[in-house]
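**Student:** Provided below: upload_31.csv, containing CSV, C-alpha atoms.
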```
chain,number,residue,atom,x,y,z
A,68,MET,CA,11.1,91.0,-9.8
A,69,SER,CA,10.7,87.3,-9.5
A,70,PRO,CA,7.7,86.0,-7.5
A,71,ASP,CA,10.2,83.9,-5.6
A,72,LYS,CA,12.4,86.7,-4.4
A,73,GLY,CA,13.1,86.4,-0.7
A,74,LYS,CA,11.3,83.0,-0.6
A,75,GLY,CA,14.4,80.8,-0.6
A,76,ARG,CA,13.4,79.0,-3.7
A,77,SER,CA,15.2,79.0,-7.0
A,78,SER,CA,14.0,82.0,-8.9
A,79,GLY,CA,10.8,82.1,-11.0
A,80,THR,CA,12.8,81.6,-14.1
A,81,ARG,CA,11.5,79.0,-16.4
A,82,ARG,CA,13.2,75.6,-16.9
A,83,SER,CA,12.7,73.1,-19.5
A,84,ARG,CA,11.4,70.0,-17.8
A,85,PRO,CA,9.6,66.9,-19.0
A,86,ALA,CA,5.9,67.0,-18.8
A,87,PRO,CA,4.8,65.7,-15.4
A,88,SER,CA,3.0,62.5,-14.9
A,89,ALA,CA,1.0,61.2,-12.0
A,90,ALA,CA,4.0,59.0,-11.0
A,91,THR,CA,6.5,61.8,-11.1
A,92,PRO,CA,6.2,63.9,-7.9
A,93,GLU,CA,7.6,67.4,-7.9
A,94,ILE,CA,10.9,66.6,-6.1
A,95,GLU,CA,12.0,70.3,-6.3
A,96,ALA,CA,9.1,71.2,-4.1
A,97,GLN,CA,10.8,69.6,-1.1
A,98,ALA,CA,12.9,72.7,-0.2
A,99,SER,CA,13.3,73.2,3.5
A,100,ASP,CA,10.7,75.9,3.8
A,101,GLY,CA,9.0,75.1,0.6
A,102,PRO,CA,5.7,73.4,-0.1
A,103,PRO,CA,5.2,69.7,0.5
A,104,SER,CA,6.3,67.0,-2.0
A,105,SER,CA,2.7,66.9,-3.3
A,106,ALA,CA,2.9,70.4,-4.5
A,107,TRP,CA,1.4,71.1,-7.9
A,108,THR,CA,3.3,72.3,-10.9
A,109,ILE,CA,2.3,75.6,-12.5
A,110,ARG,CA,2.5,75.8,-16.3
A,111,PRO,CA,1.2,78.2,-18.9
A,112,ALA,CA,-1.5,76.9,-21.1
A,113,SER,CA,-0.5,79.2,-23.9
A,114,GLU,CA,2.2,81.6,-24.9
A,115,GLN,CA,-0.2,84.5,-24.2
A,116,ALA,CA,-0.9,83.1,-20.7
A,117,ARG,CA,2.8,82.9,-20.0
A,118,LYS,CA,3.3,86.6,-21.0
A,119,GLN,CA,0.3,87.6,-18.9
A,120,TRP,CA,1.8,85.8,-15.9
A,121,ASP,CA,5.1,87.5,-16.4
A,122,THR,CA,3.4,90.9,-16.8
A,123,ALA,CA,1.4,90.4,-13.7
A,124,THR,CA,4.4,89.2,-11.7
A,125,ALA,CA,6.4,92.3,-12.8
A,126,ALA,CA,3.5,94.6,-11.8
A,127,GLU,CA,2.5,92.9,-8.5
A,128,PRO,CA,5.4,90.7,-7.4
A,129,ASP,CA,4.2,90.2,-3.8
A,130,LEU,CA,0.7,89.4,-4.8
A,131,MET,CA,1.8,87.0,-7.5
A,132,ALA,CA,4.3,85.3,-5.1
A,133,LEU,CA,1.4,84.6,-2.7
A,134,GLU,CA,-0.7,83.4,-5.6
A,135,ARG,CA,2.0,81.1,-6.8
A,136,GLU,CA,2.3,79.6,-3.4
A,137,ARG,CA,-1.4,79.1,-3.2
A,138,LEU,CA,-1.6,77.5,-6.6
A,139,ARG,CA,1.3,75.1,-5.7
A,140,ASN,CA,-0.2,74.0,-2.4
A,141,ARG,CA,-4.0,74.7,-2.2
A,142,PRO,CA,-5.3,75.4,-5.7
A,143,LEU,CA,-8.7,73.7,-5.0
A,144,ASP,CA,-9.2,74.9,-1.5
A,145,ARG,CA,-12.1,77.3,-1.4
A,146,SER,CA,-12.2,77.5,2.4
A,147,ALA,CA,-8.9,79.4,2.8
A,148,ASN,CA,-10.2,82.3,0.9
A,149,PRO,CA,-14.0,82.0,0.6
A,150,ARG,CA,-15.7,83.9,-2.1
A,151,ARG,CA,-12.5,84.7,-3.9
A,152,THR,CA,-11.8,81.2,-5.4
A,153,GLY,CA,-14.1,78.9,-7.2
A,154,GLN,CA,-14.9,76.9,-10.3
A,155,LEU,CA,-16.8,78.6,-13.0
A,156,LYS,CA,-20.2,77.1,-13.9
A,157,ALA,CA,-22.3,76.1,-16.9
A,158,GLU,CA,-20.6,76.5,-20.3
A,159,LEU,CA,-17.5,77.9,-18.6
A,160,ALA,CA,-17.1,75.0,-16.1
A,161,THR,CA,-14.6,73.2,-18.2
A,162,ARG,CA,-12.0,74.0,-20.8
A,163,LYS,CA,-10.0,72.0,-23.2
A,164,VAL,CA,-6.2,72.1,-22.6
A,165,GLY,CA,-4.3,70.0,-25.0
A,166,GLU,CA,-6.1,66.7,-25.2
A,167,LYS,CA,-7.8,67.0,-21.9
A,168,THR,CA,-11.0,68.7,-20.8
A,169,LEU,CA,-10.3,70.2,-17.4
A,170,PRO,CA,-12.3,72.1,-14.8
A,171,GLN,CA,-11.9,75.9,-15.1
A,172,TRP,CA,-11.3,77.9,-12.0
A,173,GLN,CA,-11.0,81.5,-11.3
A,174,GLN,CA,-9.2,83.4,-8.5
A,175,GLU,CA,-9.9,86.9,-7.5
A,176,LEU,CA,-6.5,88.5,-7.2
A,177,THR,CA,-7.7,92.0,-6.5
A,178,ALA,CA,-11.0,93.8,-6.8
A,179,ALA,CA,-10.6,94.0,-10.6
A,180,GLY,CA,-7.9,91.4,-11.2
A,181,ARG,CA,-8.6,87.8,-12.0
A,182,LEU,CA,-6.6,84.7,-12.7
A,183,TRP,CA,-8.0,81.7,-14.5
A,184,TYR,CA,-6.6,78.2,-14.3
A,185,CYS,CA,-7.4,74.6,-15.1
A,186,PRO,CA,-6.2,72.0,-12.5
A,187,ASP,CA,-5.3,68.6,-13.8
A,188,LYS,CA,-5.5,66.3,-10.8
A,189,GLU,CA,-4.0,63.4,-12.6
A,190,SER,CA,-0.7,65.1,-13.3
A,191,ARG,CA,-1.0,67.6,-10.5
A,192,THR,CA,-0.5,70.4,-13.0
A,193,ILE,CA,-2.1,73.8,-12.8
A,194,TRP,CA,-2.5,75.2,-16.3
A,195,ILE,CA,-2.6,79.0,-16.2
A,196,THR,CA,-5.0,80.1,-18.9
A,197,LYS,CA,-5.3,83.8,-18.3
A,198,VAL,CA,-4.1,86.5,-15.9
A,199,ASP,CA,-5.6,89.9,-15.9
A,200,LEU,CA,-5.0,92.4,-13.2
A,201,SER,CA,-7.5,94.9,-14.6
A,202,HIS,CA,-10.5,93.0,-15.7
A,203,PRO,CA,-13.4,95.5,-16.3
A,204,LYS,CA,-16.4,95.1,-14.2
A,205,ARG,CA,-19.6,94.4,-16.2
A,206,THR,CA,-22.2,92.8,-14.0
A,207,ASP,CA,-21.2,93.9,-10.5
B,25,MET,CA,-41.3,66.8,14.2
B,26,SER,CA,-43.7,69.7,14.9
B,27,ILE,CA,-42.6,73.2,14.7
B,28,ALA,CA,-45.5,74.4,16.7
B,29,PRO,CA,-44.5,75.7,20.1
B,30,ASP,CA,-45.4,73.4,22.9
B,31,THR,CA,-45.8,76.0,25.6
B,32,THR,CA,-47.6,79.2,25.7
B,33,PHE,CA,-46.7,81.7,28.5
B,34,GLN,CA,-48.3,84.9,29.7
B,35,ALA,CA,-46.4,88.2,29.6
B,36,THR,CA,-46.1,88.1,33.4
B,37,ASP,CA,-44.3,84.8,33.1
B,38,LEU,CA,-41.3,86.7,31.8
B,39,ALA,CA,-40.7,87.9,35.3
B,40,ARG,CA,-42.1,85.1,37.3
B,41,ARG,CA,-40.9,82.1,35.3
B,42,SER,CA,-38.1,83.4,33.2
B,43,ARG,CA,-36.1,80.2,33.4
B,44,ASP,CA,-39.0,78.2,32.1
B,45,VAL,CA,-39.6,80.7,29.3
B,46,LEU,CA,-36.0,80.6,28.2
B,47,SER,CA,-35.9,76.8,28.4
B,48,ALA,CA,-39.0,76.5,26.2
B,49,ALA,CA,-37.6,79.1,23.8
B,50,ARG,CA,-34.7,76.8,23.1
B,51,THR,CA,-36.9,73.9,22.1
B,52,VAL,CA,-37.7,73.1,18.5
B,53,GLY,CA,-40.8,75.3,18.1
B,54,GLY,CA,-39.7,78.0,20.5
B,55,ALA,CA,-42.0,79.6,23.1
B,56,ILE,CA,-45.1,81.6,22.7
B,57,ILE,CA,-45.7,84.6,24.9
B,58,ARG,CA,-49.3,85.9,24.8
B,59,ASP,CA,-49.3,89.6,25.5
B,60,LYS,CA,-52.1,91.3,27.4
B,61,ASP,CA,-53.6,92.6,24.2
B,62,GLY,CA,-53.9,89.0,22.9
B,63,GLU,CA,-51.0,89.1,20.4
B,64,SER,CA,-48.7,86.1,20.5
B,65,LEU,CA,-45.0,86.6,20.3
B,66,LEU,CA,-42.6,83.9,19.4
B,67,VAL,CA,-39.3,83.5,21.3
B,68,GLU,CA,-36.6,81.2,19.8
B,69,PRO,CA,-32.9,81.2,19.3
B,70,ALA,CA,-31.7,84.0,17.0
B,71,ALA,CA,-29.4,81.8,15.0
B,72,ARG,CA,-32.3,79.4,14.2
B,73,SER,CA,-34.6,82.3,13.2
B,74,GLY,CA,-31.9,83.9,11.1
B,75,ARG,CA,-31.2,80.6,9.3
B,76,ALA,CA,-34.9,80.1,8.6
B,77,ARG,CA,-35.3,83.7,7.2
B,78,TYR,CA,-32.2,83.1,5.0
B,79,GLU,CA,-33.6,79.9,3.7
B,80,LEU,CA,-37.0,81.4,3.1
B,81,ALA,CA,-35.5,84.3,1.2
B,82,GLY,CA,-33.4,81.9,-0.9
B,83,MET,CA,-36.4,79.8,-1.7
B,84,ARG,CA,-38.3,82.9,-2.7
B,85,ASN,CA,-35.5,83.9,-5.0
B,86,ALA,CA,-35.4,80.4,-6.6
B,87,PHE,CA,-39.2,80.4,-7.1
B,88,ARG,CA,-38.9,83.9,-8.7
B,89,VAL,CA,-36.4,82.6,-11.2
B,90,LEU,CA,-38.4,79.6,-12.0
B,91,ARG,CA,-41.4,81.7,-12.6
B,92,LEU,CA,-39.4,84.0,-14.9
B,93,LEU,CA,-38.1,81.1,-16.8
B,94,SER,CA,-41.7,80.1,-17.6
B,95,MET,CA,-42.2,83.5,-19.2
B,96,PRO,CA,-41.1,84.5,-22.7
B,97,ALA,CA,-37.4,85.5,-22.8
B,98,GLU,CA,-38.3,89.1,-23.9
B,99,ALA,CA,-40.4,89.6,-20.8
B,100,ARG,CA,-37.5,88.7,-18.4
B,101,ASP,CA,-36.3,92.1,-17.4
B,102,PRO,CA,-33.2,91.7,-15.2
B,103,VAL,CA,-34.8,93.9,-12.6
B,104,LEU,CA,-37.5,91.2,-12.1
B,105,TYR,CA,-34.8,88.8,-10.8
B,106,GLY,CA,-34.4,90.9,-7.6
B,107,ASP,CA,-31.2,90.0,-5.7
B,108,LEU,CA,-30.3,87.6,-8.6
B,109,ALA,CA,-30.4,90.2,-11.4
B,110,TRP,CA,-26.9,89.1,-12.5
B,111,LEU,CA,-28.4,85.7,-13.4
B,112,ALA,CA,-30.2,87.3,-16.4
B,113,ALA,CA,-26.8,87.4,-18.2
B,114,LEU,CA,-26.7,83.6,-18.4
B,115,SER,CA,-28.5,81.3,-20.8
B,116,GLU,CA,-31.8,79.8,-19.8
B,117,THR,CA,-30.2,76.3,-19.3
B,118,ALA,CA,-27.6,77.8,-17.0
B,119,GLN,CA,-30.2,79.7,-15.0
B,120,GLU,CA,-32.2,76.6,-14.5
B,121,GLN,CA,-29.0,74.7,-13.5
B,122,PHE,CA,-28.2,77.5,-11.0
B,123,VAL,CA,-31.7,77.3,-9.4
B,124,TRP,CA,-31.6,73.6,-8.7
B,125,GLU,CA,-28.1,73.7,-7.3
B,126,TYR,CA,-29.1,76.6,-5.2
B,127,VAL,CA,-32.2,74.9,-3.9
B,128,ARG,CA,-30.2,71.8,-3.1
B,129,MET,CA,-27.7,73.9,-1.1
B,130,LEU,CA,-30.5,75.6,0.8
B,131,GLU,CA,-32.1,72.3,1.7
B,132,ALA,CA,-28.8,71.1,3.1
B,133,MET,CA,-28.3,74.3,5.1
B,134,ASP,CA,-29.4,72.8,8.5
B,135,ALA,CA,-26.3,70.6,8.3
B,136,THR,CA,-23.9,72.9,6.4
B,137,GLY,CA,-24.9,76.4,7.4
B,138,PRO,CA,-25.1,79.2,4.9
B,139,GLU,CA,-21.5,79.3,3.7
B,140,PRO,CA,-21.9,76.7,0.9
B,141,VAL,CA,-24.9,78.6,-0.4
B,142,GLU,CA,-22.9,81.8,-0.4
B,143,GLN,CA,-19.9,80.2,-2.1
B,144,LEU,CA,-22.2,78.6,-4.8
B,145,THR,CA,-23.8,82.0,-5.4
B,146,TYR,CA,-20.4,83.6,-5.7
B,147,GLU,CA,-19.2,81.1,-8.2
B,148,TRP,CA,-22.3,81.5,-10.3
B,149,ARG,CA,-22.1,85.3,-10.1
B,150,GLN,CA,-18.5,85.2,-11.2
B,151,THR,CA,-19.6,83.0,-14.1
B,152,ALA,CA,-22.2,85.5,-15.1
B,153,ARG,CA,-19.7,88.3,-14.9
B,154,ALA,CA,-17.4,86.5,-17.3
B,155,TRP,CA,-20.2,85.4,-19.5
B,156,ALA,CA,-21.5,88.9,-19.9
B,157,ASP,CA,-18.1,90.1,-21.2
B,158,GLU,CA,-18.2,88.8,-24.8
B,159,ASP,CA,-14.4,89.1,-25.3
B,160,LEU,CA,-13.7,87.3,-22.1
B,161,ARG,CA,-16.3,84.7,-22.7
B,162,GLY,CA,-14.7,83.9,-26.1
B,163,GLU,CA,-11.3,83.5,-24.4
B,164,LEU,CA,-12.6,81.3,-21.7
B,165,ILE,CA,-14.3,79.0,-24.1
B,166,ALA,CA,-11.6,78.6,-26.7
B,167,PRO,CA,-9.6,75.4,-26.5
B,168,LEU,CA,-6.0,75.7,-25.7
B,169,THR,CA,-4.4,73.5,-28.2
B,170,ALA,CA,-0.7,74.1,-27.5
B,171,PRO,CA,-0.1,74.2,-23.7
B,172,LEU,CA,3.5,74.9,-22.8
B,173,ALA,CA,4.2,71.6,-21.0
B,174,HIS,CA,8.0,72.3,-20.8
B,175,ILE,CA,7.7,75.6,-19.0
B,176,GLU,CA,7.2,76.0,-15.2
B,177,LEU,CA,6.1,79.2,-13.8
```
Once more with this new file: its structure as structure tokens, please.
**Tutor:**
Amino acid sequence: MSPDKGKGRSSGTRRSRPAPSAATPEIEAQASDGPPSSAWTIRPASEQARKQWDTATAAEPDLMALERERLRNRPLDRSANPRRTGQLKAELATRKVGEKTLPQWQQELTAAGRLWYCPDKESRTIWITKVDLSHPKRTD
Amino acid sequence: MSIAPDTTFQATDLARRSRDVLSAARTVGGAIIRDKDGESLLVEPAARSGRARYELAGMRNAFRVLRLLSMPAEARDPVLYGDLAWLAALSETAQEQFVWEYVRMLEAMDATGPEPVEQLTYEWRQTARAWADEDLRGELIAPLTAPLAHIEL
């Protein structure tokens, strides 16, 4: 099931679009009940990340729809969901995506599930780097 | 600014001058009540006291980590880190970075409250969790050379 089902948006199917730039706002985001025009664009940072996103969306459509909405509108907001969202630290604080070195964030989707992403403020793009709904606990 | 209480009361003042006792308790240093056996009891706002205890516990944690970092690596048993045992999974440099960020947040707590400290600790703990998993660590460090810039999720 698409993460957008019942949300009034065009489906979660992928479209070929030009790469975003800082001067190209996401016009599509201006749907009546959709996010504001300043919404971020979510893109996969690798083929593997794309598959993981699709797998997670199929397994947990409602959860991933909420996550998609959060990423589009409040990807850097820790306060809305304290101690579930944050930037990783030290050697994991940044990651190279294409030519850019971007901050690396993690979102706790479930007790065991995690999503990692790299926000690019300049292009307002969220690069999904990994989705795992069953990350094993090692240090908890 | 002194943190010493300005006013000392007798136990009997609790009944006779309760308003004065409570008023003094709200001041910076709180109020001292001297009991009949000579023991002094401090009365102050619970929130202030809780914040001070939290900050003290945090500073103790930070000091413990700094002391451990001065020891040889093989002597740093995770159990010695106490509440911060998860920190042992990180490199020495990262541990030191955590400590100073943590101390800075604790010092700012009068203005910010404990939430930023909790959030910082959470982010570091999640980092340690990922770092401890060798496979995951490898994935999260690897550069992503071919992002799919034409696909929108």
**Student:** At a cut-off of 8 Å, which residues of chain B touch chain A? Count all atoms listed in the file and give the answer as a count of residues only.
**Tutor:** 28
**Student:** Could you check which of B:Val67, B:Leu160, B:Leu130, B:Val52 is closest to Phe33 in chain B, using all atoms listed in the file?
**Tutor:**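 Of all the options, B:Val67 lies closest to Phe33 in chain B.
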**Student:** If we count all atoms listed in the file, what is near Ala86 in chain B at a cut-off of 7 Å, once residues fewer than 4 positions away on the same chain are taken out, given as a compact mmCIF listing (two decimals) with C-alpha atoms, in the frame of the given file?
**Tutor:**
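File result-v8.txt, as written:
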```txt
# COMPACT_ATOMS: atom_id res chain seq x y z
CA GLY B 82 -33.40 81.90 -0.90
CA LEU B 90 -38.40 79.60 -12.00
CA VAL B 123 -31.70 77.30 -9.40
CA VAL B 127 -32.20 74.90 -3.90
```
**Student:** Please measure the separation of CA of Ala106 in chain A and CA of Leu144 in chain B, giving the value in Å to one decimal.
**Tutor:** 26.4 Å
**Student:** Do you know which residues are at most 12 Å from Arg72 in chain B counting all atoms listed in the file, after dropping those on the same chain fewer than 3 positions away, and could you put them as a list in words?
**Tutor:**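 The residues that qualify are Ala49, Arg50, Thr51, Val52, Gly53, Gly54, Val67, Glu68, Pro69, Arg75, Ala76, Arg77, Tyr78, Glu79, Met133, Asp134, Gly137 and Pro138 of chain B.
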**Student:** Restricting it to C-alpha atoms, dump the selection as a compact mmCIF listing (two decimals), keeping the file's coordinate frame.
**Tutor:**
```txt
# COMPACT_ATOMS: atom_id res chain seq x y z
CA ALA B 49 -37.60 79.10 23.80
CA ARG B 50 -34.70 76.80 23.10
CA THR B 51 -36.90 73.90 22.10
CA VAL B 52 -37.70 73.10 18.50
CA GLY B 53 -40.80 75.30 18.10
CA GLY B 54 -39.70 78.00 20.50
CA VAL B 67 -39.30 83.50 21.30
CA GLU B 68 -36.60 81.20 19.80
CA PRO B 69 -32.90 81.20 19.30
CA ARG B 75 -31.20 80.60 9.30
CA ALA B 76 -34.90 80.10 8.60
CA ARG B 77 -35.30 83.70 7.20
CA TYR B 78 -32.20 83.10 5.00
CA GLU B 79 -33.60 79.90 3.70
CA MET B 133 -28.30 74.30 5.10
CA ASP B 134 -29.40 72.80 8.50
CA GLY B 137 -24.90 76.40 7.40
CA PRO B 138 -25.10 79.20 4.90
```
**Student:** Using only C-alpha atoms - which residues lie no farther than 8 Å from the point (-28.5, 92.9, -15.2) in the file's frame? Write them as a list in words.
**Tutor:**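 The residues near that point, listed by chain and number, are Thr206 of chain A; Pro102, Val103, Ala109, Trp110, Leu111, Ala112 and Ala113 of chain B.
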**Student:** What is the CA of Val198 in chain A-CA of Arg181 in chain A distance in Å, reported with one decimal?
**Tutor:** 6.1 Å
**Student:** For Ala81 in chain B, which of B:Tyr126, B:Gly62, B:Glu98, B:Ser47 is the closest residue, counting all atoms listed in the file?
**Tutor:**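 Under the stated criterion, the closest residue is B:Tyr126.
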**Student:** Can you tell me how far CA of Glu136 in chain A sits from CA of Pro186 in chain A, in Å to one decimal?
**Tutor:**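 Straight-line distance from CA of Glu136 in chain A to CA of Pro186 in chain A works out to 14.6 Å.
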**Student:** Contacts of Ala126 in chain A at 12 Å or less, counting all atoms listed in the file, minus same-chain residues fewer than 3 places along, as a ChimeraX atom specification?
**Tutor:** /A:68-70,119-123,129-132,180,198-201
